[in-house]
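File shown: final_24.cif (mmCIF, C-alpha atoms).
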data_model
#
loop_
_atom_site.label_atom_id
_atom_site.label_comp_id
_atom_site.auth_asym_id
_atom_site.auth_seq_id
_atom_site.Cartn_x
_atom_site.Cartn_y
_atom_site.Cartn_z
CA MET A 6 28.08 4.18 12.46
CA GLU A 7 27.72 0.52 11.63
CA ASN A 8 26.47 -0.15 8.08
CA ILE A 9 22.97 -1.54 7.68
CA HIS A 10 22.39 -4.45 5.40
CA VAL A 11 18.99 -6.17 5.30
CA GLU A 12 18.14 -8.87 2.78
CA ALA A 13 14.97 -8.49 0.74
CA THR A 14 11.91 -10.60 1.44
CA GLU A 15 8.76 -11.00 -0.63
CA ARG A 16 7.28 -7.99 1.16
CA THR A 17 10.24 -5.91 2.26
CA PRO A 18 13.06 -4.38 0.23
CA GLN A 19 16.78 -4.97 0.49
CA ILE A 20 18.30 -2.16 2.50
CA GLU A 21 21.91 -1.10 2.00
CA PHE A 22 23.01 1.83 4.11
CA ASP A 23 26.74 2.40 3.75
CA PHE A 24 27.53 5.10 6.27
CA GLY A 25 31.24 5.11 5.35
CA GLN A 26 30.67 5.96 1.70
CA ASN A 27 27.31 7.68 2.21
CA ILE A 28 25.68 5.49 -0.42
CA PHE A 29 22.22 4.27 0.44
CA ALA A 30 19.74 2.02 -1.37
CA LEU A 31 16.31 0.44 -1.12
CA ARG A 32 15.67 -2.37 -3.60
CA GLY A 33 12.64 -4.54 -4.20
CA GLU A 34 9.07 -4.65 -2.97
CA SER A 35 7.72 -2.80 0.03
CA TYR A 36 4.45 -3.66 1.72
CA PRO A 37 5.53 -4.66 5.21
CA GLU A 38 3.14 -5.79 7.88
CA ASP A 39 4.22 -2.95 10.12
CA VAL A 40 5.85 -0.07 8.27
CA ALA A 41 6.94 1.80 11.41
CA GLU A 42 8.59 -1.28 12.86
CA PHE A 43 10.39 -2.13 9.63
CA TYR A 44 11.60 1.33 8.61
CA GLY A 45 11.61 3.27 11.88
CA PRO A 46 15.00 2.32 13.37
CA LYS A 47 16.81 2.35 9.99
CA VAL A 48 15.44 5.70 8.94
CA ARG A 49 16.26 7.18 12.37
CA ALA A 50 19.86 5.94 12.06
CA LEU A 51 20.09 7.44 8.58
CA ALA A 52 18.64 10.77 9.71
CA ALA A 53 21.05 10.99 12.66
CA HIS A 54 24.02 10.23 10.42
CA ILE A 55 23.37 12.43 7.39
CA GLY A 56 21.86 15.19 9.52
CA ALA A 57 25.31 15.67 11.08
CA LEU A 58 27.20 15.80 7.77
CA SER A 59 28.46 18.88 6.01
CA GLY A 60 30.15 19.13 2.61
CA ALA A 61 29.72 15.42 2.01
CA ARG A 62 28.69 13.59 -1.12
CA ILE A 63 25.56 11.48 -0.55
CA GLU A 64 23.78 9.12 -2.92
CA PHE A 65 20.40 7.50 -2.42
CA HIS A 66 19.13 4.86 -4.83
CA PHE A 67 15.46 3.98 -4.88
CA GLU A 68 15.06 0.76 -6.87
CA LEU A 69 11.55 -0.28 -5.94
CA ILE A 70 9.25 -2.54 -7.90
CA TYR A 71 6.14 -2.00 -5.84
CA PHE A 72 5.29 -0.19 -2.63
CA ASN A 73 2.04 0.25 -0.74
CA SER A 74 0.54 3.46 0.52
CA SER A 75 2.03 3.25 4.03
CA SER A 76 5.50 2.76 2.52
CA ALA A 77 4.88 5.81 0.30
CA LYS A 78 4.65 7.86 3.45
CA VAL A 79 8.12 6.69 4.50
CA LEU A 80 9.50 7.39 1.02
CA ILE A 81 8.23 10.96 0.92
CA GLY A 82 9.78 11.45 4.37
CA LEU A 83 13.12 10.21 3.01
CA PHE A 84 12.89 12.60 0.06
CA ASP A 85 12.21 15.51 2.41
CA LEU A 86 15.09 14.48 4.67
CA LEU A 87 17.53 14.16 1.74
CA ASP A 88 16.47 17.47 0.27
CA GLU A 89 16.98 19.20 3.59
CA VAL A 90 20.42 17.68 4.06
CA ALA A 91 21.28 18.80 0.51
CA GLU A 92 21.43 22.40 1.73
CA ASN A 93 24.85 21.59 3.25
CA ASN A 94 25.85 18.57 1.20
CA GLN A 95 25.99 17.32 -2.36
CA VAL A 96 23.06 14.92 -2.54
CA GLU A 97 21.97 12.82 -5.49
CA ILE A 98 18.67 10.91 -5.47
CA GLN A 99 18.22 8.27 -8.14
CA TRP A 100 14.80 6.82 -8.89
CA HIS A 101 15.20 3.52 -10.75
CA PHE A 102 12.22 1.97 -12.49
CA GLU A 103 11.42 -0.46 -15.25
CA ALA A 104 11.06 1.52 -18.45
CA ASP A 105 7.58 0.08 -19.14
CA ASP A 106 6.28 0.77 -15.64
CA ALA A 107 4.32 4.01 -16.09
CA ASN A 108 3.05 3.90 -12.53
CA MET A 109 6.50 3.84 -10.91
CA GLN A 110 7.63 6.50 -13.35
CA GLU A 111 4.72 8.74 -12.39
CA LEU A 112 5.33 8.25 -8.66
CA GLY A 113 9.02 9.03 -9.11
CA GLU A 114 8.19 12.20 -11.01
CA GLU A 115 5.74 13.25 -8.31
CA PHE A 116 8.25 12.72 -5.51
CA GLY A 117 10.93 14.43 -7.60
CA GLU A 118 8.81 17.56 -8.11
CA ASP A 119 9.43 18.63 -4.53
CA VAL A 120 13.19 18.18 -4.62
CA HIS A 121 14.78 21.64 -4.59
CA HIS A 122 18.31 21.27 -3.26
CA ALA A 123 19.34 17.73 -4.15
CA THR A 124 19.96 16.42 -7.67
CA PHE A 125 17.13 14.15 -8.74
CA ARG A 126 17.56 11.64 -11.54
CA MET A 127 15.00 9.36 -13.15
CA MET A 128 16.74 6.11 -14.10
CA PRO A 129 14.69 3.89 -16.45
CA ARG A 130 16.16 0.45 -17.07
CA MET B 6 -26.93 -32.67 -1.82
CA LEU B 7 -23.74 -31.35 -0.31
CA ALA B 8 -21.86 -31.24 -3.62
CA LYS B 9 -24.87 -29.75 -5.38
CA GLN B 10 -25.16 -26.99 -2.80
CA VAL B 11 -21.51 -26.11 -3.00
CA LEU B 12 -21.59 -26.29 -6.79
CA GLN B 13 -24.47 -23.81 -6.79
CA PHE B 14 -22.41 -21.50 -4.62
CA ARG B 15 -19.48 -21.85 -7.00
CA GLU B 16 -21.72 -21.11 -9.97
CA LEU B 17 -22.98 -18.02 -8.24
CA LEU B 18 -19.37 -16.85 -7.84
CA PHE B 19 -18.57 -17.65 -11.46
CA GLN B 20 -21.62 -15.73 -12.69
CA GLU B 21 -20.17 -12.70 -10.98
CA GLY B 22 -16.80 -13.36 -12.58
CA ILE B 23 -15.20 -14.05 -9.21
CA LEU B 24 -11.90 -15.91 -9.42
CA PHE B 25 -10.75 -15.49 -5.84
CA CYS B 26 -13.08 -15.47 -2.87
CA TYR B 27 -12.09 -15.44 0.76
CA SER B 28 -14.42 -14.95 3.68
CA GLY B 29 -12.90 -15.21 7.09
CA TYR B 30 -10.30 -13.73 9.34
CA MET B 31 -7.87 -11.56 7.41
CA THR B 32 -4.25 -11.67 8.48
CA GLU B 33 -0.96 -10.55 6.99
CA ASP B 34 -0.23 -14.23 6.23
CA ILE B 35 -3.44 -14.48 4.24
CA LEU B 36 -2.45 -11.30 2.40
CA SER B 37 0.97 -12.75 1.53
CA SER B 38 -0.34 -16.06 0.25
CA ILE B 39 -3.35 -14.81 -1.68
CA GLY B 40 -1.11 -12.03 -3.03
CA SER B 41 1.50 -14.39 -4.43
CA THR B 42 -1.17 -16.67 -5.94
CA LEU B 43 -2.86 -13.66 -7.50
CA LYS B 44 0.45 -12.58 -9.05
CA GLN B 45 0.99 -16.11 -10.38
CA LYS B 46 -2.50 -16.27 -11.88
CA MET B 47 -2.12 -12.90 -13.59
CA ALA B 48 1.31 -13.89 -14.95
CA MET B 49 -0.18 -17.14 -16.34
CA ASP B 50 -3.01 -15.19 -17.96
CA LYS B 51 -0.44 -12.80 -19.45
CA THR B 52 -2.39 -9.94 -17.90
CA ASP B 53 -1.07 -6.58 -19.06
CA LYS B 54 1.68 -5.57 -16.62
CA LYS B 55 0.11 -2.23 -15.83
CA VAL B 56 -3.26 -3.83 -15.13
CA ALA B 57 -1.65 -6.57 -13.02
CA ARG B 58 0.17 -4.01 -10.88
CA GLY B 59 -3.02 -2.02 -10.46
CA VAL B 60 -5.01 -5.06 -9.39
CA PHE B 61 -2.27 -6.01 -6.92
CA THR B 62 -2.32 -2.50 -5.44
CA LEU B 63 -6.11 -2.58 -5.04
CA PHE B 64 -5.78 -5.97 -3.38
CA VAL B 65 -3.08 -4.93 -0.88
CA GLU B 66 -4.75 -1.66 0.11
CA GLN B 67 -8.18 -3.22 0.54
CA VAL B 68 -7.01 -6.25 2.50
CA GLN B 69 -4.86 -4.07 4.75
CA ASN B 70 -7.94 -1.91 5.38
CA VAL B 71 -9.81 -4.97 6.64
CA ILE B 72 -6.86 -6.13 8.75
CA ARG B 73 -6.61 -2.71 10.35
CA TYR B 74 -10.19 -1.50 10.54
CA SER B 75 -12.79 -4.28 10.44
CA SER B 76 -14.97 -3.95 13.52
CA GLU B 77 -15.65 -7.66 13.59
CA VAL B 78 -12.80 -8.59 15.85
CA GLU B 79 -11.80 -11.74 17.63
CA PRO B 80 -9.92 -10.24 20.56
CA GLY B 81 -6.45 -11.51 21.31
CA ARG B 82 -5.93 -13.64 24.34
CA CYS B 83 -2.77 -12.81 26.17
CA GLY B 84 -0.33 -15.64 25.64
CA HIS B 85 2.68 -16.06 27.87
CA GLY B 86 5.28 -13.67 26.58
CA GLN B 87 3.42 -13.30 23.31
CA ALA B 88 2.00 -10.17 21.77
CA ASP B 89 -1.77 -9.85 21.64
CA VAL B 90 -3.18 -10.90 18.32
CA GLU B 91 -6.46 -9.68 16.95
CA LEU B 92 -8.29 -11.41 14.14
CA ARG B 93 -10.45 -9.26 11.94
CA TYR B 94 -13.19 -10.63 9.76
CA GLY B 95 -13.74 -9.63 6.16
CA LEU B 96 -14.83 -10.80 2.73
CA LEU B 97 -12.56 -10.45 -0.28
CA THR B 98 -13.43 -11.11 -3.91
CA ILE B 99 -11.25 -10.63 -6.97
CA GLY B 100 -12.41 -11.26 -10.49
CA GLN B 101 -13.06 -10.15 -14.00
CA LYS B 102 -16.35 -9.29 -15.67
CA GLU B 103 -17.22 -7.53 -18.89
CA GLY B 104 -13.57 -6.87 -19.63
CA ARG B 105 -12.87 -5.24 -16.29
CA HIS B 106 -10.89 -6.51 -13.36
CA PHE B 107 -12.25 -5.86 -9.92
CA VAL B 108 -11.24 -6.18 -6.30
CA SER B 109 -13.82 -5.93 -3.58
CA CYS B 110 -13.67 -6.06 0.20
CA ALA B 111 -16.43 -5.92 2.76
CA ASN B 112 -16.39 -5.75 6.52
CA MET B 113 -18.27 -4.51 9.55
CA ILE B 114 -17.58 -1.00 10.74
CA ALA B 115 -18.93 1.02 13.64
CA ARG B 116 -22.04 2.96 12.65
CA ARG B 117 -20.55 6.12 14.08
CA ASP B 118 -17.81 5.93 11.41
CA VAL B 119 -20.22 5.64 8.47
CA GLU B 120 -20.75 9.33 7.76
CA ARG B 121 -17.07 10.22 8.00
CA LEU B 122 -16.16 7.38 5.66
CA ARG B 123 -19.00 8.17 3.26
CA GLY B 124 -17.91 11.82 3.18
CA ASN B 125 -14.27 10.91 2.47
CA LEU B 126 -15.09 8.39 -0.22
CA THR B 127 -17.63 10.67 -1.93
CA LYS B 128 -15.07 13.46 -1.98
CA ILE B 129 -12.38 11.18 -3.45
CA GLN B 130 -14.80 9.70 -5.98
CA GLY B 131 -15.57 13.15 -7.37
CA MET B 132 -11.93 14.08 -7.93
CA ASP B 133 -10.07 14.08 -11.24
CA ARG B 134 -6.52 12.77 -11.67
CA GLU B 135 -4.83 16.06 -10.84
CA GLN B 136 -6.91 16.57 -7.70
CA LEU B 137 -6.19 13.01 -6.58
CA LYS B 138 -2.49 13.53 -7.15
CA ALA B 139 -2.54 16.69 -5.02
CA LEU B 140 -4.56 15.01 -2.27
CA HIS B 141 -2.22 12.00 -2.35
CA LYS B 142 0.76 14.21 -1.61
CA GLU B 143 -1.10 16.16 1.02
CA VAL B 144 -2.09 12.99 2.87
CA LEU B 145 1.41 11.52 2.53
CA ARG B 146 2.90 14.63 4.12
CA GLY B 147 0.15 15.11 6.69
CA ALA B 148 -0.01 13.74 10.19
CA THR B 149 -1.51 10.26 10.42
CA PRO B 150 -5.26 10.68 10.95
CA GLU B 151 -6.74 9.70 14.29
CA GLY B 152 -7.66 6.02 14.53
CA SER B 153 -5.41 5.21 11.62
CA LYS B 154 -2.81 2.49 11.93
CA GLY B 155 -1.53 2.88 8.41
CA ALA B 156 -0.78 6.00 6.48
CA GLY B 157 -4.47 6.81 5.98
CA VAL B 158 -3.70 7.17 2.31
CA GLY B 159 -5.08 3.82 1.14
CA PHE B 160 -8.36 5.09 -0.28
CA VAL B 161 -6.60 7.79 -2.29
CA ASP B 162 -4.29 5.13 -3.68
CA ILE B 163 -7.27 2.93 -4.55
CA ALA B 164 -8.96 5.83 -6.34
CA ARG B 165 -5.81 6.57 -8.32
CA GLN B 166 -5.34 2.96 -9.40
CA ALA B 167 -8.98 2.22 -10.19
CA THR B 168 -8.99 3.33 -13.82
CA HIS B 169 -12.70 2.46 -14.08
CA GLY B 170 -13.64 3.94 -10.76
CA PHE B 171 -14.97 2.42 -7.58
CA GLN B 172 -18.31 1.88 -5.86
CA PHE B 173 -19.03 1.77 -2.16
CA ASP B 174 -22.04 1.12 0.00
CA PHE B 175 -23.14 0.85 3.62
CA HIS B 176 -25.89 -1.20 5.18
CA ASP B 177 -26.95 -0.88 8.81
CA VAL B 178 -26.80 -4.19 10.64
CA ASN B 179 -27.91 -3.12 14.11
CA ASP B 180 -27.62 -0.10 16.42
CA ASP B 181 -23.85 -0.33 16.59
CA TYR B 182 -22.63 -1.79 13.33
CA ALA B 183 -22.94 -1.29 9.60
CA TYR B 184 -21.67 -3.43 6.74
CA PHE B 185 -19.27 -1.60 4.46
CA CYS B 186 -18.39 -2.72 0.95
CA LEU B 187 -16.00 -1.23 -1.57
CA LYS B 188 -15.48 -2.48 -5.11
CA ALA B 189 -12.81 -1.00 -7.38
CA TYR B 190 -12.43 -1.56 -11.12
CA ILE B 191 -9.52 -1.57 -13.59
#
For the file at hand, write its structure as structure tokens.
Amino acid sequence: MENIHVEATERTPQIEFDFGQNIFALRGESYPEDVAEFYGPKVRALAAHIGALSGARIEFHFELIYFNSSSAKVLIGLFDLLDEVAENNQVEIQWHFEADDANMQELGEEFGEDVHHATFRMMPR
Amino acid sequence: MLAKQVLQFRELLFQEGILFCYSGYMTEDILSSIGSTLKQKMAMDKTDKKVARGVFTLFVEQVQNVIRYSSEVEPGRCGHGQADVELRYGLLTIGQKEGRHFVSCANMIARRDVERLRGNLTKIQGMDREQLKALHKEVLRGATPEGSKGAGVGFVDIARQATHGFQFDFHDVNDDYAYFCLKAYI
């Protein structure tokens, strides 16, 4: 599958989906005009790819500064997808946040609570 | 006369502590530009980072509510090969009074939606942090509610960010429409 690379804008994060190495990242701010339009195709490509893997090592880096409530819905979907895939693969989810950002820390912890199969790491910086 | 009138209006806004006021059609472009100016202003004021992020969240969620749900709509005229555009009317104010920041939005809604909205907001208003957290997750995982173009989770997010709570009110305008106003405090 062709890698996905999307530059960040003021309202949408940088997306790096490396399907060769199975390293994936979202970086920046996320409050797109149309969440489904922005994330839909990329998340579907990701789901199709990692859903077919077995015994692979997968990393997902969330490095978000701010996201709105509709983006949160996409994020929780990604967490669920990654945790499901982790039943047959070695999956690591990293939640990066600024050390003084209690809100992003709290959201990361909340999303992380429901991770059962993947490894979840909080990464303050 | 003209300047005096406008000055009086401005003074009225200042009395209420209003720093930003926009009444008109709300679009994603308006959201982007007011949003970046708001960030700039809070950075200049050296607003506490946590407060600034909270205010920005309240702003985004409330403006997106107007863009998606205001019943005062200028219907889109089909352009050649262009997508239909709708313009939705709303009133946004952002300010600071008595040591609290606030963000408020108001817009017309259908009267038939008033009771549902009042019920939801009253329920959310009565919840503590733990209950809000649980509801947040439930709504994030749930199916998108009917008539919702976003995640339907905006009000829960507003309640979680509004460290000093929020107020809301409805006022019937005619048989079909009511005016809805929400004001959230940090």
Residue IDs satisfying the PyMOL selection byres ((chain B) within 12 of (chain A)), as a ChimeraX atom specification
/B:32-38,40-41,44,53-59,61-70,72-73,134-135,138-139,141-149,153-166
Starting from the PyMOL selection byres ((chain A and resi 17) around 6), expand the selection into actual residues of this file and give them as a PyMOL selection string.
chain A and resi 13-14+16+18+34-35+37
What does the distance between CA of Gln130 in chain B and CA of Met109 in chain A come to in Å, to one decimal place?
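Answer for the CA of Gln130 in chain B to CA of Met109 in chain A separation: 22.6 Å.
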The PyMOL selection byres ((chain A and resi 6-10) around 8) applied to the shown file, residues as a PyMOL selection string
chain A and resi 11-12+19-25+47+54
Go ahead and compute the interatomic distance for CA of Ala8 in chain B and CA of Gly29 in chain B, in Å to one decimal.
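Taking CA of Ala8 in chain B as the start and CA of Gly29 in chain B as the end point, the length is 21.3 Å.
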I'd like the neighbourhood of Glu92 in chain A as an MDAnalysis selection string, where a residue qualifies if any of its atoms comes within 9 Å (using only C-alpha atoms), though same-chain residues fewer than 4 positions away should be ignored.
chainID A and resid 59 88 96 122:123
Just the number, please: distance in Å from CA of His176 in chain B to CA of Arg93 in chain B, one decimal.
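Here the two named atoms are 18.7 Å from each other.
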List the spatial neighbours of Phe25 in chain B as an mmCIF file with C-alpha atoms, in the coordinates of the input - criterion: any atom at most 7 Å away, only C-alpha atoms, same-chain residues fewer than 6 positions off excluded.
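Writing the result to result-v1.cif gives the following:
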data_model
loop_
_atom_site.group_PDB
_atom_site.id
_atom_site.type_symbol
_atom_site.label_atom_id
_atom_site.label_comp_id
_atom_site.auth_asym_id
_atom_site.auth_seq_id
_atom_site.Cartn_x
_atom_site.Cartn_y
_atom_site.Cartn_z
ATOM 1 C CA THR B 98 -13.430 -11.110 -3.910
ATOM 2 C CA ILE B 99 -11.250 -10.630 -6.970
ATOM 3 C CA GLY B 100 -12.410 -11.260 -10.490
#
List the neighbours of Gln20 in chain B out to 12 Å using all atoms listed in the file; skip same-chain residues closer than 6 positions along the sequence, and give me the result as a PyMOL selection string.
chain B and resi 13-14+100-103
Given only C-alpha atoms as the basis, pick out the residue of B:Gly124, B:His106, B:Arg116, B:Val78 nearest to Val178 in chain B.
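Answer, going by the shortest atom-to-atom distance: B:Arg116.
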Judged by all atoms listed in the file, the minimum distance to Leu126 in chain B among B:Leu96, B:Leu187, B:Leu43, B:Leu12 is found for B:Leu187
I need the residue nearest Asp118 in chain B from this list: B:Tyr182, B:Met49, B:Phe171, B:Leu92. Use all atoms listed in the file for the distance.
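The closest residue to Asp118 in chain B is B:Tyr182.
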